[in-house]
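> The file below is query.cif, mmCIF, C-alpha atoms:
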data_model
#
loop_
_atom_site.label_atom_id
_atom_site.label_comp_id
_atom_site.auth_asym_id
_atom_site.auth_seq_id
_atom_site.Cartn_x
_atom_site.Cartn_y
_atom_site.Cartn_z
CA MET A 1 45.90 75.11 93.17
CA LYS A 2 47.05 72.67 95.80
CA ARG A 3 43.42 71.87 96.58
CA THR A 4 42.70 71.19 92.91
CA ILE A 5 45.61 68.75 92.68
CA ILE A 6 44.48 66.92 95.81
CA ALA A 7 40.92 66.71 94.46
CA THR A 8 42.16 65.38 91.13
CA VAL A 9 44.35 62.74 92.82
CA ILE A 10 41.47 61.64 95.08
CA SER A 11 39.12 61.43 92.08
CA ALA A 12 41.64 59.35 90.14
CA ILE A 13 42.14 56.99 93.11
CA GLY A 14 38.36 56.75 93.48
CA VAL A 15 37.86 55.82 89.83
CA VAL A 16 40.66 53.25 89.89
CA GLY A 17 39.29 51.81 93.14
CA ALA A 18 35.76 51.57 91.75
CA VAL A 19 36.99 49.81 88.61
CA GLY A 20 39.04 47.41 90.74
CA ALA A 21 36.10 46.66 93.01
CA LEU A 22 33.84 45.99 90.00
CA ALA A 23 36.43 43.65 88.50
CA LEU A 24 36.75 41.82 91.82
CA VAL A 25 32.97 41.38 92.17
CA GLY A 26 32.71 40.31 88.53
CA SER A 27 35.37 37.65 88.91
CA ALA A 28 33.84 36.37 92.14
CA ALA A 29 30.32 36.18 90.72
CA PRO A 30 29.25 32.72 89.55
CA ALA A 31 29.37 32.12 85.82
CA PRO A 32 25.95 32.39 84.16
CA LYS A 33 24.20 29.01 84.05
CA PRO A 34 23.82 27.48 80.61
CA PRO A 35 20.24 26.80 79.54
CA PRO A 36 18.96 23.51 80.97
CA VAL A 37 19.11 21.44 77.81
CA GLY A 38 20.89 18.18 77.22
CA PRO A 39 23.38 17.09 74.63
CA VAL A 40 22.43 18.21 71.18
CA VAL A 41 21.68 15.88 68.30
CA PRO A 42 24.87 15.63 66.23
CA ALA A 43 24.61 17.12 62.74
CA ASP A 44 25.08 13.75 61.08
CA THR A 45 24.84 13.92 57.28
CA GLY A 46 25.38 10.19 56.76
CA ALA A 47 27.83 10.91 53.95
CA GLY A 48 28.12 7.92 51.65
CA GLU A 49 25.07 6.17 53.14
CA MET A 50 21.89 5.20 51.30
CA LEU A 51 19.07 7.11 52.96
CA LEU A 52 15.31 7.31 52.79
CA VAL A 53 13.88 10.74 52.00
CA VAL A 54 10.57 12.10 53.17
CA LEU A 55 9.84 14.86 50.68
CA GLY A 56 7.76 17.89 51.56
CA GLY A 57 8.15 19.77 48.29
CA VAL A 58 10.58 20.96 45.60
CA PHE A 59 11.22 24.63 44.86
CA PRO A 60 13.20 26.46 42.18
CA SER A 61 15.09 28.63 44.68
CA ARG A 62 16.38 28.44 48.22
CA ALA A 63 14.35 31.52 49.18
CA GLU A 64 11.10 29.87 48.15
CA ALA A 65 12.01 26.67 49.94
CA GLU A 66 12.90 28.62 53.10
CA ALA A 67 9.62 30.50 52.91
CA ALA A 68 7.65 27.26 52.56
CA SER A 69 9.57 25.76 55.48
CA ALA A 70 8.87 28.78 57.65
CA ALA A 71 5.18 28.63 56.81
CA ALA A 72 4.89 24.95 57.77
CA SER A 73 4.38 24.69 61.50
CA PHE A 74 5.06 21.40 63.25
CA GLY A 75 4.25 22.92 66.61
CA ASP A 76 7.14 22.67 69.02
CA LEU A 77 8.77 19.94 66.91
CA GLN A 78 11.26 20.27 64.10
CA GLY A 79 9.71 19.71 60.69
CA TYR A 80 11.48 19.68 57.32
CA TYR A 81 14.97 20.85 56.44
CA VAL A 82 15.87 22.83 53.30
CA VAL A 83 18.50 21.10 51.16
CA PRO A 84 19.77 21.44 47.58
CA VAL A 85 18.53 18.61 45.40
CA ALA A 86 22.12 17.97 44.30
CA GLN A 87 23.04 16.97 47.86
CA PHE A 88 21.80 13.43 47.31
CA GLN A 89 22.80 11.16 44.47
CA GLY A 90 19.70 9.63 42.89
CA PHE A 91 17.45 12.36 44.28
CA GLN A 92 17.32 14.39 41.09
CA GLU A 93 16.29 11.30 39.10
CA GLN A 94 13.23 10.97 41.33
CA VAL A 95 12.34 14.67 41.74
CA GLY A 96 13.33 18.13 40.63
CA ALA A 97 16.25 19.59 38.70
CA PRO A 98 19.89 20.09 39.78
CA GLY A 99 19.36 23.71 40.80
CA ASP A 100 16.28 23.03 42.85
CA PHE A 101 15.85 23.05 46.59
CA ALA A 102 13.69 20.65 48.55
CA LEU A 103 12.02 20.31 51.92
CA VAL A 104 13.12 16.95 53.28
CA SER A 105 13.81 14.93 56.36
CA VAL A 106 16.01 11.88 55.88
CA PHE A 107 16.06 8.57 57.71
CA ARG A 108 17.93 5.29 57.83
CA THR A 109 14.94 3.05 58.59
CA ASP A 110 11.59 2.70 56.90
CA ALA A 111 9.86 2.85 60.28
CA GLY A 112 11.41 6.25 61.00
CA ALA A 113 10.48 7.61 57.58
CA GLN A 114 6.91 6.34 57.76
CA GLU A 115 6.45 7.69 61.28
CA PHE A 116 7.52 11.20 60.29
CA ALA A 117 5.54 11.10 57.04
CA ALA A 118 2.38 10.15 58.95
CA PHE A 119 2.97 13.00 61.40
CA ALA A 120 3.48 15.53 58.58
CA ARG A 121 0.40 14.30 56.73
CA SER A 122 -1.72 14.52 59.88
CA LEU A 123 -0.81 18.21 59.95
CA GLY A 124 -1.97 18.58 56.36
CA TYR A 125 1.47 18.80 54.75
CA GLN A 126 2.74 16.93 51.74
CA ALA A 127 4.96 14.02 52.81
CA THR A 128 6.10 11.45 50.28
CA VAL A 129 8.56 8.72 51.15
CA LEU A 130 10.62 8.40 47.96
CA PRO A 131 10.55 4.84 46.65
CA ASN A 132 14.30 4.52 46.17
CA ARG A 133 17.03 5.31 48.67
CA VAL A 134 19.43 8.12 47.74
CA ARG A 135 23.14 8.36 48.45
CA SER A 136 24.12 11.19 50.77
CA LEU A 137 27.02 13.27 49.48
CA GLY A 138 27.34 15.13 52.77
CA GLY A 139 26.36 18.79 52.78
CA VAL A 140 23.83 20.35 55.11
CA TYR A 141 22.12 18.54 57.96
CA ALA A 142 18.78 17.05 56.91
CA GLY A 143 17.41 15.50 60.10
CA LEU A 144 19.36 12.26 60.28
CA GLY A 145 19.41 10.57 63.69
CA GLN A 146 15.86 11.55 64.62
CA GLU A 147 14.49 8.02 64.63
CA ALA A 148 14.54 5.16 67.09
CA ALA A 149 17.24 2.50 66.85
CA PRO A 150 15.74 -0.88 65.91
CA ASP A 151 16.98 -2.41 69.19
CA GLY A 152 15.03 0.17 71.20
CA SER A 153 18.08 1.55 72.97
CA GLY A 154 17.62 5.19 71.92
CA PRO A 155 18.15 7.33 68.84
CA LEU A 156 19.71 5.70 65.80
CA VAL A 157 23.13 7.30 65.48
CA GLY A 158 24.89 4.99 63.03
CA PRO A 159 24.32 3.12 59.79
CA VAL A 160 22.05 0.08 59.60
CA PRO A 161 22.54 -2.72 57.05
CA ALA A 162 19.90 -1.19 54.75
CA SER A 163 21.66 2.17 54.68
CA LEU A 164 25.10 0.80 53.86
CA PRO A 165 26.01 1.11 50.18
CA MET B 1 -46.30 28.60 128.53
CA GLY B 2 -47.07 26.52 125.45
CA SER B 3 -45.67 29.14 123.14
CA SER B 4 -42.37 29.44 125.13
CA GLU B 5 -41.92 25.63 124.94
CA GLY B 6 -42.57 25.79 121.20
CA SER B 7 -39.97 28.47 120.71
CA ARG B 8 -37.47 26.44 122.79
CA HIS B 9 -38.06 23.48 120.50
CA GLY B 10 -37.62 25.76 117.52
CA ARG B 11 -34.31 27.08 118.88
CA ARG B 12 -33.08 23.57 119.51
CA ARG B 13 -34.06 22.55 116.01
CA ARG B 14 -32.26 25.57 114.56
CA ARG B 15 -29.18 24.76 116.66
CA PHE B 16 -29.03 21.24 115.24
CA LEU B 17 -29.71 22.29 111.68
CA PRO B 18 -26.04 23.00 110.74
CA PHE B 19 -24.97 19.61 112.17
CA VAL B 20 -27.70 17.88 110.19
CA ALA B 21 -26.64 19.73 107.04
CA VAL B 22 -22.99 18.76 107.52
CA ALA B 23 -23.96 15.14 108.19
CA VAL B 24 -26.07 15.06 105.02
CA VAL B 25 -23.24 16.54 102.94
CA LEU B 26 -20.71 14.11 104.43
CA ALA B 27 -22.97 11.16 103.72
CA ALA B 28 -23.95 12.32 100.25
CA THR B 29 -20.50 13.29 98.92
CA PRO B 30 -19.05 9.79 98.68
CA LEU B 31 -22.33 8.52 97.30
CA LEU B 32 -22.35 11.21 94.61
CA LEU B 33 -18.69 10.61 93.79
CA ALA B 34 -19.28 6.89 93.66
CA TYR B 35 -22.21 7.45 91.33
CA HIS B 36 -20.15 9.78 89.16
CA TRP B 37 -17.25 7.34 88.94
CA ALA B 38 -19.47 4.32 88.47
CA ARG B 39 -21.28 5.99 85.60
CA LEU B 40 -18.10 5.88 83.53
CA GLY B 41 -16.52 3.02 85.44
CA TRP B 42 -13.66 5.34 86.35
CA ARG B 43 -11.78 6.44 89.42
CA ASP B 44 -8.63 8.45 89.95
CA TRP B 45 -6.04 5.86 91.00
CA HIS B 46 -2.89 8.02 91.33
CA TYR B 47 -0.95 4.78 91.15
CA ASN B 48 2.84 4.68 90.93
CA TYR B 49 3.58 8.10 89.41
CA PRO B 50 7.26 8.75 88.82
CA ALA B 51 8.51 11.97 90.41
CA THR B 52 8.41 14.76 87.84
CA PRO B 53 12.03 15.26 86.72
CA THR B 54 13.78 18.61 86.56
CA GLY B 55 16.39 19.09 83.84
CA TYR B 56 17.95 16.81 81.27
CA THR B 57 19.92 14.61 83.67
CA GLN B 58 16.88 13.74 85.77
CA ILE B 59 14.81 13.11 82.64
CA VAL B 60 17.38 10.60 81.38
CA ASN B 61 17.79 9.02 84.81
CA ARG B 62 14.05 8.54 85.14
CA PHE B 63 12.94 7.86 81.57
CA GLY B 64 16.07 6.65 79.77
CA GLN B 65 17.56 7.83 76.50
CA PRO B 66 15.41 9.78 74.03
CA CYS B 67 13.59 7.54 71.54
CA ASN B 68 14.13 4.39 73.63
CA ALA B 69 11.58 1.57 73.37
CA ASP B 70 9.83 2.50 76.64
CA ALA B 71 9.20 6.03 75.31
CA TYR B 72 6.62 4.76 72.81
CA ALA B 73 5.49 1.57 74.54
CA ILE B 74 1.97 2.69 75.46
CA SER B 75 -0.72 4.20 73.26
CA MET B 76 -4.24 5.42 73.79
CA SER B 77 -7.12 6.60 71.63
CA TRP B 78 -8.17 10.21 71.93
CA VAL B 79 -11.04 11.57 69.84
CA ALA B 80 -10.78 15.25 68.92
CA ALA B 81 -14.00 17.05 69.76
CA ASP B 82 -14.03 19.35 66.75
CA ASN B 83 -13.43 16.99 63.83
CA GLY B 84 -14.11 13.58 65.37
CA VAL B 85 -10.71 12.25 64.31
CA THR B 86 -9.30 9.55 66.58
CA TYR B 87 -5.67 10.28 67.41
CA THR B 88 -3.40 7.63 68.89
CA PRO B 89 -0.73 9.39 70.94
CA ARG B 90 2.04 7.15 72.27
CA PHE B 91 3.81 7.79 75.53
CA HIS B 92 6.25 6.40 78.08
CA ARG B 93 5.59 3.14 79.88
CA LYS B 94 5.98 4.90 83.24
CA LEU B 95 3.11 7.30 82.51
CA GLY B 96 0.28 4.87 81.90
CA GLY B 97 -0.82 1.53 80.58
CA TYR B 98 -1.47 0.05 84.03
CA PRO B 99 -4.74 -1.95 84.10
CA THR B 100 -7.73 -0.14 85.64
CA GLU B 101 -11.49 -0.10 85.18
CA MET B 102 -10.98 2.02 82.04
CA VAL B 103 -7.62 0.84 80.69
CA SER B 104 -6.67 -2.66 79.65
CA ASN B 105 -3.32 -4.09 80.69
CA LYS B 106 -0.79 -2.63 78.28
CA GLY B 107 2.27 -3.43 80.31
CA GLY B 108 2.46 0.08 81.73
CA ARG B 109 3.69 1.03 85.17
CA SER B 110 1.32 3.77 86.31
CA THR B 111 -2.18 5.16 85.85
CA ASN B 112 -1.11 8.74 85.14
CA LEU B 113 -2.07 9.76 81.60
CA ASP B 114 -4.51 7.27 80.12
CA ASN B 115 -6.56 6.63 83.26
CA ASP B 116 -6.21 9.55 85.64
CA VAL B 117 -5.65 12.62 83.43
CA TYR B 118 -7.82 11.40 80.57
CA GLY B 119 -10.48 10.06 82.95
CA HIS B 120 -10.57 13.35 84.85
CA ILE B 121 -11.08 15.28 81.63
CA GLN B 122 -13.92 12.98 80.63
CA ASN B 123 -15.52 12.95 84.07
CA ASP B 124 -15.28 16.71 84.48
CA HIS B 125 -17.07 17.01 81.11
CA LEU B 126 -14.13 18.82 79.53
CA SER B 127 -13.59 16.58 76.52
CA ALA B 128 -15.31 19.18 74.33
CA TYR B 129 -12.15 21.28 74.73
CA THR B 130 -9.69 18.65 73.53
CA LYS B 131 -9.53 19.45 69.84
CA SER B 132 -7.70 18.39 66.69
CA GLY B 133 -3.96 17.92 66.71
CA ILE B 134 -3.14 15.46 69.50
CA TRP B 135 0.37 13.96 69.54
CA GLY B 136 2.55 12.22 72.05
CA TYR B 137 5.86 10.47 71.33
CA LEU B 138 7.90 11.63 68.35
CA CYS B 139 11.64 11.15 67.98
CA ARG B 140 12.29 14.79 66.99
CA THR B 141 14.24 17.77 68.17
CA ILE B 142 12.75 21.05 69.35
CA SER B 143 11.72 23.25 66.44
CA GLY B 144 14.67 25.26 65.17
CA SER B 145 17.03 23.60 67.64
CA SER B 146 19.27 20.56 67.88
CA SER B 147 18.15 19.62 71.40
CA TRP B 148 15.77 16.74 71.93
CA SER B 149 12.13 17.59 72.48
CA THR B 150 10.43 16.06 75.52
CA HIS B 151 8.26 14.27 72.94
CA ALA B 152 11.32 12.09 72.21
CA TRP B 153 11.00 10.55 75.70
CA GLY B 154 7.24 10.07 75.36
CA ILE B 155 6.71 12.45 78.29
CA ALA B 156 4.96 15.21 76.35
CA ILE B 157 1.61 15.52 74.66
CA ASP B 158 0.26 18.22 72.36
CA ILE B 159 -3.48 18.83 72.48
CA SER B 160 -5.65 21.11 70.33
CA ALA B 161 -2.59 21.95 68.22
CA SER B 162 -4.83 23.45 65.51
CA TYR B 163 -6.14 26.00 67.98
CA GLU B 164 -3.16 26.61 70.24
CA PRO B 165 -0.19 27.54 68.03
CA MET B 166 3.30 27.60 69.42
CA GLY B 167 4.57 31.09 70.17
CA ARG B 168 1.25 32.40 71.42
CA CYS B 169 1.37 33.36 75.06
CA TYR B 170 -2.30 32.86 75.81
CA SER B 171 -4.73 29.98 75.56
CA THR B 172 -8.21 29.77 74.12
CA VAL B 173 -9.06 26.09 74.51
CA ASN B 174 -6.57 24.18 76.64
CA LYS B 175 -7.00 26.60 79.54
CA ASN B 176 -10.22 24.76 80.34
CA PHE B 177 -8.50 21.52 81.34
CA ALA B 178 -4.88 22.50 81.96
CA TYR B 179 -5.47 22.23 85.71
CA VAL B 180 -6.07 18.50 85.33
CA PHE B 181 -2.58 18.00 83.88
CA LYS B 182 -1.04 20.27 86.50
CA ASN B 183 -2.74 18.31 89.28
CA HIS B 184 -1.12 15.14 87.99
CA GLY B 185 2.49 16.32 87.86
CA TRP B 186 2.56 17.87 84.38
CA ARG B 187 3.83 21.28 83.32
CA TRP B 188 1.80 23.32 80.85
CA GLY B 189 3.73 24.80 77.93
CA LEU B 190 1.88 28.11 78.28
CA ASP B 191 4.70 28.93 80.73
CA PHE B 192 6.95 29.21 77.67
CA CYS B 193 4.32 30.37 75.14
CA ASP B 194 3.48 26.90 73.81
CA PRO B 195 -0.12 26.38 74.95
CA MET B 196 -0.70 23.14 73.02
CA HIS B 197 2.10 21.41 74.93
CA PHE B 198 2.02 19.51 78.22
CA GLN B 199 5.14 17.80 79.52
CA TYR B 200 6.00 15.60 82.46
CA ALA B 201 9.20 17.50 83.22
CA PHE B 202 10.38 20.81 84.60
CA GLY B 203 13.51 22.81 83.85
CA TYR B 204 13.77 21.60 80.27
#
Write out the structure in this file as structure tokens.

Amino acid sequence: MKRTIIATVISAIGVVGAVGALALVGSAAPAPKPPPVGPVVPADTGAGEMLLVVLGGVFPSRAEAEAASAAASFGDLQGYYVVPVAQFQGFQEQVGAPGDFALVSVFRTDAGAQEFAAFARSLGYQATVLPNRVRSLGGVYAGLGQEAAPDGSGPLVGPVPASLP
Amino acid sequence: MGSSEGSRHGRRRRRFLPFVAVAVVLAATPLLLAYHWARLGWRDWHYNYPATPTGYTQIVNRFGQPCNADAYAISMSWVAADNGVTYTPRFHRKLGGYPTEMVSNKGGRSTNLDNDVYGHIQNDHLSAYTKSGIWGYLCRTISGSSSWSTHAWGIAIDISASYEPMGRCYSTVNKNFAYVFKNHGWRWGLDFCDPMHFQYAFGY
């Protein structure tokens, strides 16, 4: 009986000791390194701004738009984004119906829009730069900021005169 | 007597034969290389390459912000072997555009991509493997991510994109010339299952 109690006490101490040692090692171990990527592109929707839309297609449902987006490969680069047509004022007048979804990428400068449209077309995808700018009402991110600033300093992260209402 | 002298001469001749062979090879190699280069008016300059950066911070320190004017300052023509389309990839000023026998002065700082890598591929008769879908600079993020692609710095080029889809962990076409890129400081995207992609950066 006495031997059983001693064995139980030793086992309990052993378990507690092992847990303590594991906790100590865990706390001393260096934190896992984050993946080696830089600052992310901010999800700028340009709410209130007048933007240029490169249109890849209009679909009656989100599921169909998502499927078309998934099927379009731009290699290792981001292609179109799926957005509701109602997200942009003036968009519906140029394409689609209020309930529709579209594959788009939006830009502040004509150079940015034309550059992406040429890239998409070279891959064999539809890419139309809509003739009139549309007003962003916010909503989901649609690629804004992925164009060079006109002064050549880096990505364009703010409005330009042409995009101001 | 006569026959032993003949065999001695023969032994001496045989002894000198390797030296003669080495001398001929040594003399002929530069001549052959010179002929090969002269035929296309090309030579591998290896002039002023920037050190290949590792990680985002080094990329920015060496090549500036993504989408900056230097990232798309230089362009070159590259004809795809399969469809004959001439692509015009743009790339960073520090990776080419320096005047050589093959490249006009484009205001670039080195001979890396447009003279040395491209020239090597041509001179090694590998251009038949560079196929449709050739892109350099593009101010875009990585597919499905909000991190900048190395294309946004003009330090990446996609080749044979129609044949080497992203996500495939083997190569059918680009494997034939990938060594040329590797020998000039580039990393091949096959390491991360993107065989169309070559980038002048590690750890990103």
> What are the residues of chain B that have an atom within 8 Å of an atom of chain A, counting all atoms listed in the file, as a PyMOL selection string?
chain B and resi 55-57+65-70+133+139-149+161+165-166+194+197+203-204
> Go through the shown structure with the PyMOL selection byres ((chain B and resi 97) around 8) and write out the matching residues as a PyMOL selection string.
chain B and resi 74-75+93+95-96+98-99+103-111+114
> How many Å separate atom CA of A:Val58 from atom CA of B:Leu138?
24.7 Å
> Quick one: residues within 10 Å of A:Gly48, all atoms listed in the file counted, chain neighbours fewer than 2 positions away excluded, as a PDB file with C-alpha atoms, keeping the file's coordinate frame?

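Saved to part-v6.pdb:
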ATOM      1  CA  THR A  45      24.840  13.920  57.280  1.00  0.00           C
ATOM      2  CA  GLY A  46      25.380  10.190  56.760  1.00  0.00           C
ATOM      3  CA  MET A  50      21.890   5.200  51.300  1.00  0.00           C
ATOM      4  CA  LEU A  51      19.070   7.110  52.960  1.00  0.00           C
ATOM      5  CA  PHE A  88      21.800  13.430  47.310  1.00  0.00           C
ATOM      6  CA  GLN A  89      22.800  11.160  44.470  1.00  0.00           C
ATOM      7  CA  VAL A 134      19.430   8.120  47.740  1.00  0.00           C
ATOM      8  CA  ARG A 135      23.140   8.360  48.450  1.00  0.00           C
ATOM      9  CA  SER A 136      24.120  11.190  50.770  1.00  0.00           C
ATOM     10  CA  LEU A 137      27.020  13.270  49.480  1.00  0.00           C
ATOM     11  CA  GLY A 138      27.340  15.130  52.770  1.00  0.00           C
ATOM     12  CA  SER A 163      21.660   2.170  54.680  1.00  0.00           C
ATOM     13  CA  LEU A 164      25.100   0.800  53.860  1.00  0.00           C
ATOM     14  CA  PRO A 165      26.010   1.110  50.180  1.00  0.00           C
TER      15      PRO A 165
END
> Hey, which of A:Leu144, A:Leu103, A:Leu52, A:Val95 ends up closest to A:Ala65? Count all atoms listed in the file.
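Among the listed residues, A:Leu103 lies closest to A:Ala65.
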> Which residues come within 10 Å of B:Asp124, counting all atoms listed in the file, excluding same-chain residues fewer than 3 positions away, as an mmCIF file with C-alpha atoms, in the coordinates of the input?

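The file below, result_34.cif, is the result:
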data_model
loop_
_atom_site.group_PDB
_atom_site.id
_atom_site.type_symbol
_atom_site.label_atom_id
_atom_site.label_comp_id
_atom_site.auth_asym_id
_atom_site.auth_seq_id
_atom_site.Cartn_x
_atom_site.Cartn_y
_atom_site.Cartn_z
ATOM 1 C CA HIS B 36 -20.150 9.780 89.160
ATOM 2 C CA TYR B 118 -7.820 11.400 80.570
ATOM 3 C CA GLY B 119 -10.480 10.060 82.950
ATOM 4 C CA HIS B 120 -10.570 13.350 84.850
ATOM 5 C CA ILE B 121 -11.080 15.280 81.630
ATOM 6 C CA SER B 127 -13.590 16.580 76.520
ATOM 7 C CA PHE B 177 -8.500 21.520 81.340
ATOM 8 C CA VAL B 180 -6.070 18.500 85.330
#
> Neighbourhood query: residues within 7 Å of (-9.8, 26.4, 77.1), file coordinates, counting only C-alpha atoms; return as a VMD selection string.
chain B and resid 129 171 to 177
> Compare A:Gly90, A:Ala70, A:Leu55, A:Ala118 by their minimum atom-to-atom distance to A:Asn132, counting only C-alpha atoms, and give me the closest one.
A:Gly90
> Quick one: pull the distance between atom CA of B:Ala80 and atom CA of B:Ser132, Å, one decimal.
4.9 Å
> To one decimal in Å, tell me the separation between atom CA of B:Lys182 and atom CA of A:Ala120.
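Taking atom CA of B:Lys182 and atom CA of A:Ala120, their separation equals 28.7 Å.
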> Rank A:Thr4, A:Ser105, A:Gln92, A:Gln87 by their smallest atom-to-atom distance to A:Ala142, using only C-alpha atoms, and report the top residue only.
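Counting only C-alpha atoms, the residue closest to A:Ala142 is A:Ser105.
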> Can you list, as an MDAnalysis selection string, every protein, DNA or RNA residue that comes within 7 Å of B:Glu164 when you count all atoms listed in the file, leaving out same-chain residues fewer than 4 positions away?
chainID B and resid 160 171 195:196
> Fewer than 6 positions away in the same chain doesn't count, so skip those; otherwise give me all residues within 8 Å of B:Glu101, counting only C-alpha atoms, as a PyMOL selection string.
chain B and resi 41-43
> When you look at B:His46 with a cut-off of 10 Å (counting only C-alpha atoms), what residues show up, excluding the ones that are within fewer than 5 positions of it in the same chain? I need them as a PyMOL selection string.
chain B and resi 110-113+115-117+184
> On this structure, the PyMOL selection byres ((chain A and resi 129) around 6) would catch which residues? List them as a list in words, sorted by chain and number.
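Expected selection for the PyMOL selection byres ((chain A and resi 129) around 6) here is Val53, Val54, Thr128 and Leu130 of chain A.
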> Give the answer as one residue: which of B:His9, B:Arg15, B:Leu31, B:Asp44 has the shortest atom-to-atom distance to B:Asn123, using only C-alpha atoms?
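Smallest distance to B:Asn123 is found for B:Asp44.
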